[in-house]
$ cat query03.cif   # mmCIF, C-alpha atoms
data_data
#
loop_
_atom_site.label_atom_id
_atom_site.label_comp_id
_atom_site.auth_asym_id
_atom_site.auth_seq_id
_atom_site.Cartn_x
_atom_site.Cartn_y
_atom_site.Cartn_z
CA MET A 1 78.09 -137.80 183.75
CA ALA A 2 76.71 -141.33 184.26
CA GLN A 3 79.46 -141.92 186.85
CA LEU A 4 78.51 -138.72 188.71
CA ILE A 5 74.81 -139.76 188.84
CA SER A 6 75.73 -143.17 190.24
CA VAL A 7 77.90 -141.56 192.96
CA VAL A 8 75.01 -139.22 193.92
CA LEU A 9 72.63 -142.19 194.05
CA VAL A 10 75.00 -144.22 196.23
CA LEU A 11 75.47 -141.27 198.61
CA GLY A 12 71.71 -140.70 198.70
CA LEU A 13 71.01 -144.34 199.52
CA ALA A 14 73.74 -144.34 202.17
CA PHE A 15 72.13 -141.27 203.78
CA LEU A 16 68.74 -143.00 203.78
CA ALA A 17 70.22 -146.14 205.27
CA PHE A 18 71.55 -144.21 208.27
CA SER A 19 68.58 -141.87 208.71
CA PRO A 20 66.47 -142.81 211.73
CA ILE A 21 62.80 -143.44 211.04
CA CYS A 22 61.02 -140.46 212.51
CA PHE A 23 57.53 -140.64 213.98
CA CYS A 24 57.58 -136.85 213.98
CA GLY A 25 54.45 -134.81 213.54
CA LYS A 26 54.80 -131.36 212.03
CA THR A 27 52.76 -128.92 214.01
CA THR A 28 52.29 -125.18 213.93
CA GLY A 29 55.29 -123.77 215.73
CA GLY A 30 57.39 -126.92 215.99
CA TYR A 31 57.78 -130.67 215.80
CA LEU A 32 56.71 -133.44 218.11
CA TYR A 33 59.36 -136.15 218.36
CA PRO A 34 59.91 -139.17 220.65
CA GLN A 35 63.27 -137.95 222.03
CA PHE A 36 61.87 -134.60 223.24
CA TYR A 37 62.67 -135.26 226.94
CA ASP A 38 65.85 -137.30 226.47
CA ARG A 39 67.99 -134.50 227.92
CA SER A 40 65.56 -132.47 230.02
CA CYS A 41 63.90 -135.45 231.77
CA PRO A 42 65.51 -138.75 230.71
CA LYS A 43 63.47 -140.84 233.17
CA ALA A 44 60.09 -139.39 232.05
CA ARG A 45 58.90 -142.42 230.07
CA GLU A 46 60.07 -144.84 232.75
CA ILE A 47 58.19 -142.91 235.48
CA VAL A 48 54.96 -142.78 233.43
CA ASN A 49 55.18 -146.48 232.60
CA SER A 50 55.77 -147.65 236.18
CA ILE A 51 52.80 -145.69 237.58
CA VAL A 52 50.47 -146.78 234.76
CA ALA A 53 51.56 -150.41 235.25
CA LYS A 54 50.82 -150.18 238.98
CA ALA A 55 47.37 -148.62 238.33
CA VAL A 56 46.41 -151.25 235.72
CA ALA A 57 47.61 -154.10 237.97
CA LYS A 58 45.37 -152.71 240.72
CA GLU A 59 42.36 -152.27 238.38
CA ALA A 60 42.42 -153.71 234.84
CA ARG A 61 39.70 -151.30 233.71
CA MET A 62 42.08 -148.35 234.20
CA ALA A 63 43.88 -149.19 230.92
CA ALA A 64 40.74 -148.44 228.90
CA SER A 65 40.03 -145.34 231.02
CA LEU A 66 43.46 -143.81 230.31
CA LEU A 67 43.18 -144.60 226.60
CA ARG A 68 39.77 -142.94 226.47
CA LEU A 69 41.00 -139.89 228.39
CA HIS A 70 43.57 -139.18 225.64
CA PHE A 71 40.91 -139.64 222.92
CA HIS A 72 38.40 -137.32 224.62
CA ASP A 73 41.16 -134.74 225.09
CA CYS A 74 42.43 -134.77 221.50
CA PHE A 75 38.96 -134.35 219.97
CA VAL A 76 38.47 -131.02 221.80
CA LYS A 77 40.89 -128.23 220.83
CA GLY A 78 43.59 -130.82 220.09
CA CYS A 79 45.79 -132.89 222.43
CA ASP A 80 46.35 -130.12 225.00
CA ALA A 81 45.21 -131.62 228.35
CA SER A 82 42.19 -129.29 228.45
CA ILE A 83 40.08 -132.24 229.69
CA LEU A 84 42.07 -132.33 232.96
CA LEU A 85 41.20 -128.78 234.07
CA ASP A 86 38.77 -128.39 236.95
CA SER A 87 36.21 -125.58 236.94
CA THR A 88 37.39 -122.25 238.38
CA GLY A 89 36.10 -118.68 238.15
CA SER A 90 37.33 -118.36 234.55
CA ILE A 91 37.19 -122.01 233.38
CA ILE A 92 34.17 -124.26 232.84
CA SER A 93 35.55 -127.79 233.00
CA GLU A 94 35.05 -130.31 230.18
CA LYS A 95 34.53 -132.94 232.89
CA GLY A 96 30.86 -131.94 233.12
CA SER A 97 30.06 -132.44 229.42
CA ASN A 98 27.61 -135.13 228.28
CA PRO A 99 30.33 -137.51 226.99
CA ASN A 100 32.46 -137.06 230.12
CA ARG A 101 30.10 -136.69 233.10
CA ASN A 102 30.08 -139.77 235.41
CA SER A 103 32.10 -141.50 232.73
CA VAL A 104 35.62 -140.23 232.08
CA ARG A 105 38.08 -141.35 234.78
CA GLY A 106 41.76 -141.88 235.52
CA PHE A 107 42.44 -138.33 236.74
CA GLU A 108 44.07 -139.56 239.97
CA VAL A 109 46.54 -141.69 237.99
CA ILE A 110 47.52 -138.65 235.88
CA ASP A 111 47.91 -136.63 239.14
CA GLU A 112 50.22 -139.28 240.58
CA ILE A 113 52.37 -139.33 237.43
CA LYS A 114 52.54 -135.53 237.35
CA SER A 115 53.55 -135.37 241.01
CA ALA A 116 56.38 -137.89 240.44
CA LEU A 117 57.58 -136.02 237.35
CA GLU A 118 57.53 -132.67 239.15
CA LYS A 119 59.89 -134.15 241.77
CA GLU A 120 62.19 -135.58 239.10
CA CYS A 121 62.22 -132.60 236.71
CA PRO A 122 60.02 -129.64 237.73
CA GLN A 123 57.84 -127.95 235.10
CA THR A 124 59.30 -129.96 232.23
CA VAL A 125 56.86 -132.71 231.15
CA SER A 126 53.42 -131.58 230.02
CA CYS A 127 50.15 -133.14 231.14
CA ALA A 128 49.25 -133.59 227.45
CA ASP A 129 52.36 -135.74 226.92
CA ILE A 130 51.63 -137.70 230.10
CA MET A 131 48.23 -138.65 228.62
CA ALA A 132 49.73 -139.63 225.26
CA LEU A 133 52.31 -141.88 226.97
CA SER A 134 49.70 -143.34 229.35
CA ALA A 135 47.47 -144.28 226.40
CA ARG A 136 50.33 -146.14 224.70
CA ASP A 137 51.43 -147.87 227.93
CA SER A 138 47.83 -148.93 228.69
CA THR A 139 47.56 -150.50 225.24
CA VAL A 140 50.82 -152.44 225.65
CA LEU A 141 50.02 -153.58 229.20
CA THR A 142 46.78 -155.20 228.01
CA GLY A 143 48.51 -157.05 225.16
CA GLY A 144 48.17 -154.50 222.38
CA PRO A 145 50.73 -152.96 220.01
CA SER A 146 53.45 -150.50 220.95
CA TRP A 147 54.54 -147.37 219.09
CA GLU A 148 56.96 -144.51 219.59
CA VAL A 149 55.02 -141.59 221.04
CA PRO A 150 55.96 -138.22 219.51
CA LEU A 151 56.39 -135.74 222.39
CA GLY A 152 56.65 -132.00 222.94
CA ARG A 153 53.00 -131.02 223.43
CA ARG A 154 52.26 -128.18 225.82
CA ASP A 155 49.21 -127.66 228.03
CA SER A 156 46.31 -125.32 227.27
CA ARG A 157 45.23 -122.51 229.55
CA SER A 158 41.54 -123.00 228.74
CA ALA A 159 38.85 -125.66 228.32
CA SER A 160 35.86 -125.97 225.99
CA LEU A 161 32.65 -127.42 227.38
CA SER A 162 30.83 -126.80 224.08
CA GLY A 163 33.65 -128.47 222.11
CA SER A 164 33.43 -131.48 224.40
CA ASN A 165 29.64 -131.69 223.96
CA ASN A 166 29.79 -131.29 220.17
CA ASN A 167 33.04 -132.87 218.90
CA ILE A 168 33.25 -136.22 220.69
CA PRO A 169 31.40 -139.02 218.85
CA ALA A 170 28.44 -140.37 220.84
CA PRO A 171 27.38 -144.05 221.01
CA ASN A 172 24.02 -143.29 219.40
CA ASN A 173 25.33 -141.03 216.60
CA THR A 174 24.73 -142.17 213.02
CA PHE A 175 27.70 -143.56 211.10
CA GLN A 176 27.84 -140.40 208.98
CA THR A 177 27.90 -138.11 212.03
CA ILE A 178 30.72 -140.14 213.61
CA LEU A 179 32.74 -140.09 210.38
CA THR A 180 32.21 -136.33 210.03
CA LYS A 181 33.48 -135.79 213.58
CA PHE A 182 36.61 -137.81 212.73
CA LYS A 183 37.14 -135.93 209.46
CA LEU A 184 36.94 -132.59 211.28
CA GLN A 185 40.02 -133.75 213.22
CA GLY A 186 41.90 -134.73 210.05
CA LEU A 187 41.16 -138.44 210.54
CA ASN A 188 39.58 -140.77 207.97
CA VAL A 189 37.45 -143.92 207.83
CA VAL A 190 40.51 -146.16 208.34
CA ASP A 191 41.38 -144.27 211.54
CA LEU A 192 37.74 -144.43 212.65
CA VAL A 193 37.54 -148.23 212.37
CA ALA A 194 41.01 -148.88 213.80
CA LEU A 195 40.55 -146.54 216.78
CA SER A 196 37.08 -147.97 217.47
CA GLY A 197 39.00 -151.21 218.06
CA SER A 198 40.07 -149.76 221.43
CA HIS A 199 36.63 -151.01 222.54
CA THR A 200 38.33 -154.40 222.80
CA ILE A 201 38.94 -153.39 226.45
CA GLY A 202 36.85 -151.49 228.98
CA ASN A 203 33.22 -151.08 229.86
CA ALA A 204 30.10 -149.21 228.77
CA ARG A 205 27.24 -148.03 230.95
CA CYS A 206 23.68 -149.23 230.43
CA THR A 207 22.66 -145.68 229.52
CA SER A 208 25.06 -145.81 226.50
CA PHE A 209 23.19 -148.60 224.71
CA ARG A 210 19.74 -148.84 226.36
CA GLN A 211 17.94 -147.53 223.26
CA ARG A 212 19.18 -150.58 221.31
CA LEU A 213 17.36 -152.89 223.72
CA TYR A 214 13.99 -151.13 223.81
CA ASN A 215 13.53 -148.24 221.41
CA GLN A 216 16.14 -148.00 218.68
CA SER A 217 14.29 -145.79 216.19
CA GLY A 218 11.69 -144.16 218.41
CA ASN A 219 9.07 -146.76 217.48
CA GLY A 220 9.27 -148.77 220.73
CA LYS A 221 11.12 -151.64 219.01
CA PRO A 222 14.64 -152.97 219.74
CA ASP A 223 17.58 -152.86 217.35
CA TYR A 224 17.32 -156.09 215.39
CA SER A 225 20.96 -155.79 214.26
CA LEU A 226 21.91 -156.79 217.84
CA GLN A 227 22.00 -160.56 218.25
CA GLN A 228 18.76 -161.38 220.08
CA SER A 229 20.07 -163.80 222.72
CA LEU A 230 22.71 -161.22 223.70
CA ALA A 231 20.00 -158.53 223.81
CA ALA A 232 17.92 -160.70 226.19
CA GLN A 233 20.97 -161.21 228.42
CA LEU A 234 21.67 -157.45 228.50
CA ARG A 235 18.06 -156.61 229.44
CA ASN A 236 18.54 -158.49 232.73
CA ARG A 237 20.90 -155.80 234.00
CA CYS A 238 19.88 -152.87 231.81
CA PRO A 239 16.17 -152.27 232.44
CA ARG A 240 13.96 -149.71 230.67
CA SER A 241 14.52 -147.33 233.56
CA GLY A 242 17.06 -147.35 236.38
CA GLY A 243 20.46 -149.03 236.39
CA ASP A 244 21.95 -146.24 234.25
CA GLN A 245 25.46 -146.71 235.67
CA ASN A 246 25.49 -150.53 235.47
CA LEU A 247 28.67 -151.57 233.65
CA PHE A 248 29.01 -154.06 230.79
CA PHE A 249 32.11 -155.31 228.97
CA LEU A 250 32.45 -153.74 225.52
CA ASP A 251 34.11 -156.95 224.33
CA PHE A 252 32.63 -159.84 226.31
CA ALA A 253 34.84 -162.39 224.49
CA SER A 254 38.16 -161.13 225.94
CA PRO A 255 37.30 -158.03 228.00
CA LYS A 256 40.74 -157.43 229.51
CA LYS A 257 42.87 -158.36 226.50
CA PHE A 258 43.67 -155.94 223.72
CA ASP A 259 43.01 -157.99 220.58
CA ASN A 260 40.84 -158.14 217.46
CA SER A 261 37.91 -160.03 219.04
CA TYR A 262 36.00 -156.71 219.06
CA PHE A 263 35.76 -156.97 215.26
CA LYS A 264 34.78 -160.65 215.40
CA ASN A 265 31.95 -159.67 217.77
CA ILE A 266 30.70 -157.07 215.30
CA LEU A 267 30.64 -159.69 212.50
CA ALA A 268 28.52 -161.88 214.80
CA SER A 269 26.08 -158.95 215.44
CA LYS A 270 27.40 -158.67 218.98
CA GLY A 271 28.82 -155.15 218.98
CA LEU A 272 27.56 -153.56 222.21
CA LEU A 273 27.19 -149.92 221.20
CA ASN A 274 25.25 -148.67 218.22
CA SER A 275 28.48 -146.89 217.15
CA ASP A 276 30.24 -150.30 217.09
CA GLN A 277 27.65 -152.17 215.03
CA VAL A 278 27.14 -149.40 212.41
CA LEU A 279 30.77 -149.94 211.32
CA LEU A 280 29.46 -153.12 209.68
CA THR A 281 25.96 -152.15 208.63
CA LYS A 282 26.08 -148.57 207.34
CA ASN A 283 29.18 -148.14 205.17
CA GLU A 284 30.95 -150.38 202.68
CA ALA A 285 34.49 -149.11 203.31
CA SER A 286 34.16 -149.56 207.08
CA MET A 287 32.53 -152.99 206.59
CA GLU A 288 35.56 -154.17 204.60
CA LEU A 289 37.92 -152.88 207.29
CA VAL A 290 35.96 -154.65 210.05
CA LYS A 291 36.32 -157.91 208.07
CA LYS A 292 40.06 -157.33 207.52
CA TYR A 293 40.79 -156.61 211.18
CA ALA A 294 38.62 -159.56 212.32
CA GLU A 295 40.76 -161.76 210.10
CA SER A 296 44.17 -160.33 211.05
CA ASN A 297 45.17 -159.21 214.52
CA GLU A 298 48.52 -158.11 213.05
CA LEU A 299 46.87 -155.81 210.52
CA PHE A 300 44.65 -154.27 213.22
CA PHE A 301 47.62 -153.69 215.56
CA GLU A 302 49.68 -152.08 212.80
CA GLN A 303 46.90 -149.65 211.84
CA PHE A 304 45.90 -148.93 215.44
CA ALA A 305 49.47 -147.78 216.24
CA LYS A 306 49.55 -145.55 213.13
CA SER A 307 46.13 -144.04 213.89
CA MET A 308 47.09 -143.38 217.53
CA VAL A 309 50.15 -141.40 216.40
CA LYS A 310 47.96 -139.51 213.93
CA MET A 311 45.35 -138.75 216.60
CA GLY A 312 48.08 -137.67 219.01
CA ASN A 313 49.17 -135.09 216.43
CA ILE A 314 45.82 -133.23 216.42
CA SER A 315 46.56 -129.49 216.92
CA PRO A 316 49.09 -129.72 219.75
CA LEU A 317 50.43 -126.56 221.36
CA THR A 318 54.18 -126.32 220.77
CA GLY A 319 56.97 -123.77 220.98
CA SER A 320 55.92 -120.93 223.27
CA ARG A 321 52.16 -121.56 223.03
CA GLY A 322 50.40 -122.88 226.12
CA GLU A 323 52.40 -123.81 229.20
CA ILE A 324 53.76 -126.71 231.23
CA ARG A 325 51.29 -126.96 234.11
CA LYS A 326 52.59 -127.63 237.62
CA SER A 327 49.29 -129.35 238.46
CA CYS A 328 47.28 -130.97 235.68
CA ARG A 329 43.99 -129.82 237.24
CA LYS A 330 44.68 -126.08 237.08
CA ILE A 331 46.51 -123.51 234.99
CA ASN A 332 49.64 -121.90 236.43
CA SER A 333 48.92 -118.71 238.34
#

$ encode --input "query03.cif" --output "structure tokens"
Amino acid sequence: MAQLISVVLVLGLAFLAFSPICFCGKTTGGYLYPQFYDRSCPKAREIVNSIVAKAVAKEARMAASLLRLHFHDCFVKGCDASILLDSTGSIISEKGSNPNRNSVRGFEVIDEIKSALEKECPQTVSCADIMALSARDSTVLTGGPSWEVPLGRRDSRSASLSGSNNNIPAPNNTFQTILTKFKLQGLNVVDLVALSGSHTIGNARCTSFRQRLYNQSGNGKPDYSLQQSLAAQLRNRCPRSGGDQNLFFLDFASPKKFDNSYFKNILASKGLLNSDQVLLTKNEASMELVKKYAESNELFFEQFAKSMVKMGNISPLTGSRGEIRKSCRKINS
């Protein structure tokens, strides 16, 4: 009997040793897995990567824009490319929502990738998967971590303007509201802090943080949790009125490099958005995580990759649900 148990154990361990580590996400109706296009479109990842690399070389800011596009898509009806749809007779586009209007960008890069993929393997690679791959490639190109992207998402045939207005965390939301919005997507406080670290690259508009400079709590006084010399500097280009679209680096220490300086800024009271600084001031668990990631770039990178895979698994359409759009801007006729 003892001999039999040891044989079973050895066989079991041998099986584990040769089992590939799977970044698969179980979804209703099927799995997402990195090898999804290996047979149907083997060059898919290479095509996405080369076009993203070209776009980021042309304009460094595009990396943050593509990362944000994936985030704003996944938080509304799941990662289904609904954010890419233009308005038509039957669809009201998410592009006009408060979080997205005059703000979300990168659509032309997605169009270029889709066009190249349609030539290589028509109606095979979804727009939702293009966004997931673009987000990973943008992170790597700016010096951040890499991860295997689970694939196999399909594209939605509808958009949700109300979902976009209500589900996406806003810069002036309270910590509790932001956390609740993450929890509604199956994400937790660790994911919230790690994914906020994407603000290590990119820009914010004056309108996103103006209240911190002049009227944080409706009493005509600034937010004193923002380092005062930085606040004075920001007021030069972000006046009480006007200059709404003026851009500011989210991480002024290393604005084009994906690293943990975002968390170091927060510890120095130099987080630009209210939603950045409250990670330190309003919750003990998030405060500890900010300190950990400020201390260890490695720890931040490791968790960011895990949280990106988790976010990419929010309610994807798989199997026969949804479709593979020919153009990312409109549903198939």

$ resolve_selection --input "query03.cif" --expression "the PyMOL selection byres ((chain A and resi 200-210) around 6)" --output "JSON, numbers by chain"
{"A": [61, 64, 197, 198, 199, 211, 212, 213, 238, 244, 245, 246, 247, 248, 249, 250, 251, 255, 256, 258, 262, 273]}

$ atom_distance --input "query03.cif" --atom1 "CA of Arg325 (chain A)" --atom2 "CA of Gly89 (chain A)"
17.8 Å

$ resolve_selection --input "query03.cif" --expression "the PyMOL selection byres ((chain A and resi 155) around 12)" --output "PDB file with C-alpha atoms, in the coordinates of the input"
ATOM      1  CA  ASP A  73      41.160-134.740 225.090  1.00  0.00           C
ATOM      2  CA  CYS A  74      42.430-134.770 221.500  1.00  0.00           C
ATOM      3  CA  LYS A  77      40.890-128.230 220.830  1.00  0.00           C
ATOM      4  CA  GLY A  78      43.590-130.820 220.090  1.00  0.00           C
ATOM      5  CA  CYS A  79      45.790-132.890 222.430  1.00  0.00           C
ATOM      6  CA  ASP A  80      46.350-130.120 225.000  1.00  0.00           C
ATOM      7  CA  ALA A  81      45.210-131.620 228.350  1.00  0.00           C
ATOM      8  CA  SER A  82      42.190-129.290 228.450  1.00  0.00           C
ATOM      9  CA  ILE A  83      40.080-132.240 229.690  1.00  0.00           C
ATOM     10  CA  LEU A  84      42.070-132.330 232.960  1.00  0.00           C
ATOM     11  CA  LEU A  85      41.200-128.780 234.070  1.00  0.00           C
ATOM     12  CA  GLN A 123      57.840-127.950 235.100  1.00  0.00           C
ATOM     13  CA  THR A 124      59.300-129.960 232.230  1.00  0.00           C
ATOM     14  CA  VAL A 125      56.860-132.710 231.150  1.00  0.00           C
ATOM     15  CA  SER A 126      53.420-131.580 230.020  1.00  0.00           C
ATOM     16  CA  CYS A 127      50.150-133.140 231.140  1.00  0.00           C
ATOM     17  CA  ALA A 128      49.250-133.590 227.450  1.00  0.00           C
ATOM     18  CA  ASP A 129      52.360-135.740 226.920  1.00  0.00           C
ATOM     19  CA  ILE A 130      51.630-137.700 230.100  1.00  0.00           C
ATOM     20  CA  MET A 131      48.230-138.650 228.620  1.00  0.00           C
ATOM     21  CA  GLY A 152      56.650-132.000 222.940  1.00  0.00           C
ATOM     22  CA  ARG A 153      53.000-131.020 223.430  1.00  0.00           C
ATOM     23  CA  ARG A 154      52.260-128.180 225.820  1.00  0.00           C
ATOM     24  CA  SER A 156      46.310-125.320 227.270  1.00  0.00           C
ATOM     25  CA  ARG A 157      45.230-122.510 229.550  1.00  0.00           C
ATOM     26  CA  SER A 158      41.540-123.000 228.740  1.00  0.00           C
ATOM     27  CA  ALA A 159      38.850-125.660 228.320  1.00  0.00           C
ATOM     28  CA  SER A 315      46.560-129.490 216.920  1.00  0.00           C
ATOM     29  CA  PRO A 316      49.090-129.720 219.750  1.00  0.00           C
ATOM     30  CA  LEU A 317      50.430-126.560 221.360  1.00  0.00           C
ATOM     31  CA  THR A 318      54.180-126.320 220.770  1.00  0.00           C
ATOM     32  CA  GLY A 319      56.970-123.770 220.980  1.00  0.00           C
ATOM     33  CA  SER A 320      55.920-120.930 223.270  1.00  0.00           C
ATOM     34  CA  ARG A 321      52.160-121.560 223.030  1.00  0.00           C
ATOM     35  CA  GLY A 322      50.400-122.880 226.120  1.00  0.00           C
ATOM     36  CA  GLU A 323      52.400-123.810 229.200  1.00  0.00           C
ATOM     37  CA  ILE A 324      53.760-126.710 231.230  1.00  0.00           C
ATOM     38  CA  ARG A 325      51.290-126.960 234.110  1.00  0.00           C
ATOM     39  CA  LYS A 326      52.590-127.630 237.620  1.00  0.00           C
ATOM     40  CA  SER A 327      49.290-129.350 238.460  1.00  0.00           C
ATOM     41  CA  CYS A 328      47.280-130.970 235.680  1.00  0.00           C
ATOM     42  CA  ARG A 329      43.990-129.820 237.240  1.00  0.00           C
ATOM     43  CA  LYS A 330      44.680-126.080 237.080  1.00  0.00           C
ATOM     44  CA  ILE A 331      46.510-123.510 234.990  1.00  0.00           C
ATOM     45  CA  ASN A 332      49.640-121.900 236.430  1.00  0.00           C
TER      46      ASN A 332
END

$ residues_around --input "query03.cif" --residues "Val76 (chain A)" --least-positions-apart "3" --cutoff "7 Å" --atoms "all atoms listed in the file" --output "PyMOL selection string"
chain A and resi 72-73+163-164+167

$ atom_distance --input "query03.cif" --atom1 "CA of Leu192 (chain A)" --atom2 "CA of Ser269 (chain A)"
18.8 Å

$ residues_near_point --input "query03.cif" --point "(40.7, -160.6, 217.4)" --cutoff "6 Å" --atoms "all atoms listed in the file" --output "PDB file with C-alpha atoms, in the coordinates of the input"
ATOM      1  CA  ASP A 259      43.010-157.990 220.580  1.00  0.00           C
ATOM      2  CA  ASN A 260      40.840-158.140 217.460  1.00  0.00           C
ATOM      3  CA  SER A 261      37.910-160.030 219.040  1.00  0.00           C
ATOM      4  CA  ALA A 294      38.620-159.560 212.320  1.00  0.00           C
ATOM      5  CA  ASN A 297      45.170-159.210 214.520  1.00  0.00           C
TER       6      ASN A 297
END

$ closest_residue --input "query03.cif" --among "A:Leu279, A:Leu161, A:Ala63, A:Val189" --to "Arg101 (chain A)" --atoms "all atoms listed in the file"
A:Leu161

$ residues_near_point --input "query03.cif" --point "(32.1, -137.7, 226.8)" --cutoff "9 Å" --atoms "all atoms listed in the file" --output "PDB file with C-alpha atoms, keeping the file's coordinate frame"
ATOM      1  CA  HIS A  72      38.400-137.320 224.620  1.00  0.00           C
ATOM      2  CA  GLU A  94      35.050-130.310 230.180  1.00  0.00           C
ATOM      3  CA  LYS A  95      34.530-132.940 232.890  1.00  0.00           C
ATOM      4  CA  GLY A  96      30.860-131.940 233.120  1.00  0.00           C
ATOM      5  CA  SER A  97      30.060-132.440 229.420  1.00  0.00           C
ATOM      6  CA  ASN A  98      27.610-135.130 228.280  1.00  0.00           C
ATOM      7  CA  PRO A  99      30.330-137.510 226.990  1.00  0.00           C
ATOM      8  CA  ASN A 100      32.460-137.060 230.120  1.00  0.00           C
ATOM      9  CA  ARG A 101      30.100-136.690 233.100  1.00  0.00           C
ATOM     10  CA  SER A 103      32.100-141.500 232.730  1.00  0.00           C
ATOM     11  CA  VAL A 104      35.620-140.230 232.080  1.00  0.00           C
ATOM     12  CA  SER A 164      33.430-131.480 224.400  1.00  0.00           C
ATOM     13  CA  ASN A 165      29.640-131.690 223.960  1.00  0.00           C
ATOM     14  CA  ILE A 168      33.250-136.220 220.690  1.00  0.00           C
ATOM     15  CA  PRO A 169      31.400-139.020 218.850  1.00  0.00           C
ATOM     16  CA  ALA A 170      28.440-140.370 220.840  1.00  0.00           C
TER      17      ALA A 170
END

$ closest_residue --input "query03.cif" --among "A:Ile113, A:Leu226, A:Cys41, A:Leu141" --to "Met62 (chain A)" --atoms "all atoms listed in the file"
A:Leu141

$ closest_residue --input "query03.cif" --among "A:Val109, A:Val309, A:Val149, A:Leu184" --to "Lys54 (chain A)" --atoms "all atoms listed in the file"
A:Val109

$ closest_residue --input "query03.cif" --among "A:Phe75, A:Ile314, A:Glu295, A:Arg240" --to "Lys264 (chain A)" --atoms "only C-alpha atoms"
A:Glu295

$ axis_aligned_box --input "query03.cif" --around "region 73-92 of chain A" --padding-each-side "6 Å" --output "JSON"
{"center_x": 40.3, "center_y": -126.6, "center_z": 229.2, "size_x": 24.2, "size_y": 28.4, "size_z": 30.4}

$ decode --input "query03.cif" --residues "region 28-50 of chain A" --atoms "C-alpha atoms" --output "compact mmCIF listing (two decimals), in the first residue's frame"
# COMPACT_ATOMS: atom_id res chain seq x y z
CA THR A 28 -18.76 32.03 -18.90
CA GLY A 29 -18.76 30.00 -22.08
CA GLY A 30 -15.04 29.32 -22.37
CA TYR A 31 -11.45 30.01 -21.41
CA LEU A 32 -9.11 32.82 -22.29
CA TYR A 33 -5.58 31.55 -22.91
CA PRO A 34 -2.38 33.08 -24.37
CA GLN A 35 -2.12 30.60 -27.28
CA PHE A 36 -5.62 31.35 -28.61
CA TYR A 37 -4.39 32.65 -32.01
CA ASP A 38 -1.34 30.39 -32.39
CA ARG A 39 -2.98 28.49 -35.26
CA SER A 40 -5.59 30.91 -36.60
CA CYS A 41 -3.32 33.99 -36.69
CA PRO A 42 0.24 33.13 -35.59
CA LYS A 43 1.60 36.61 -36.36
CA ALA A 44 -1.11 38.44 -34.36
CA ARG A 45 1.05 39.37 -31.36
CA GLU A 46 3.96 40.40 -33.57
CA ILE A 47 1.71 42.69 -35.66
CA VAL A 48 0.19 44.35 -32.57
CA ASN A 49 3.60 44.86 -30.99
CA SER A 50 5.22 46.43 -34.06
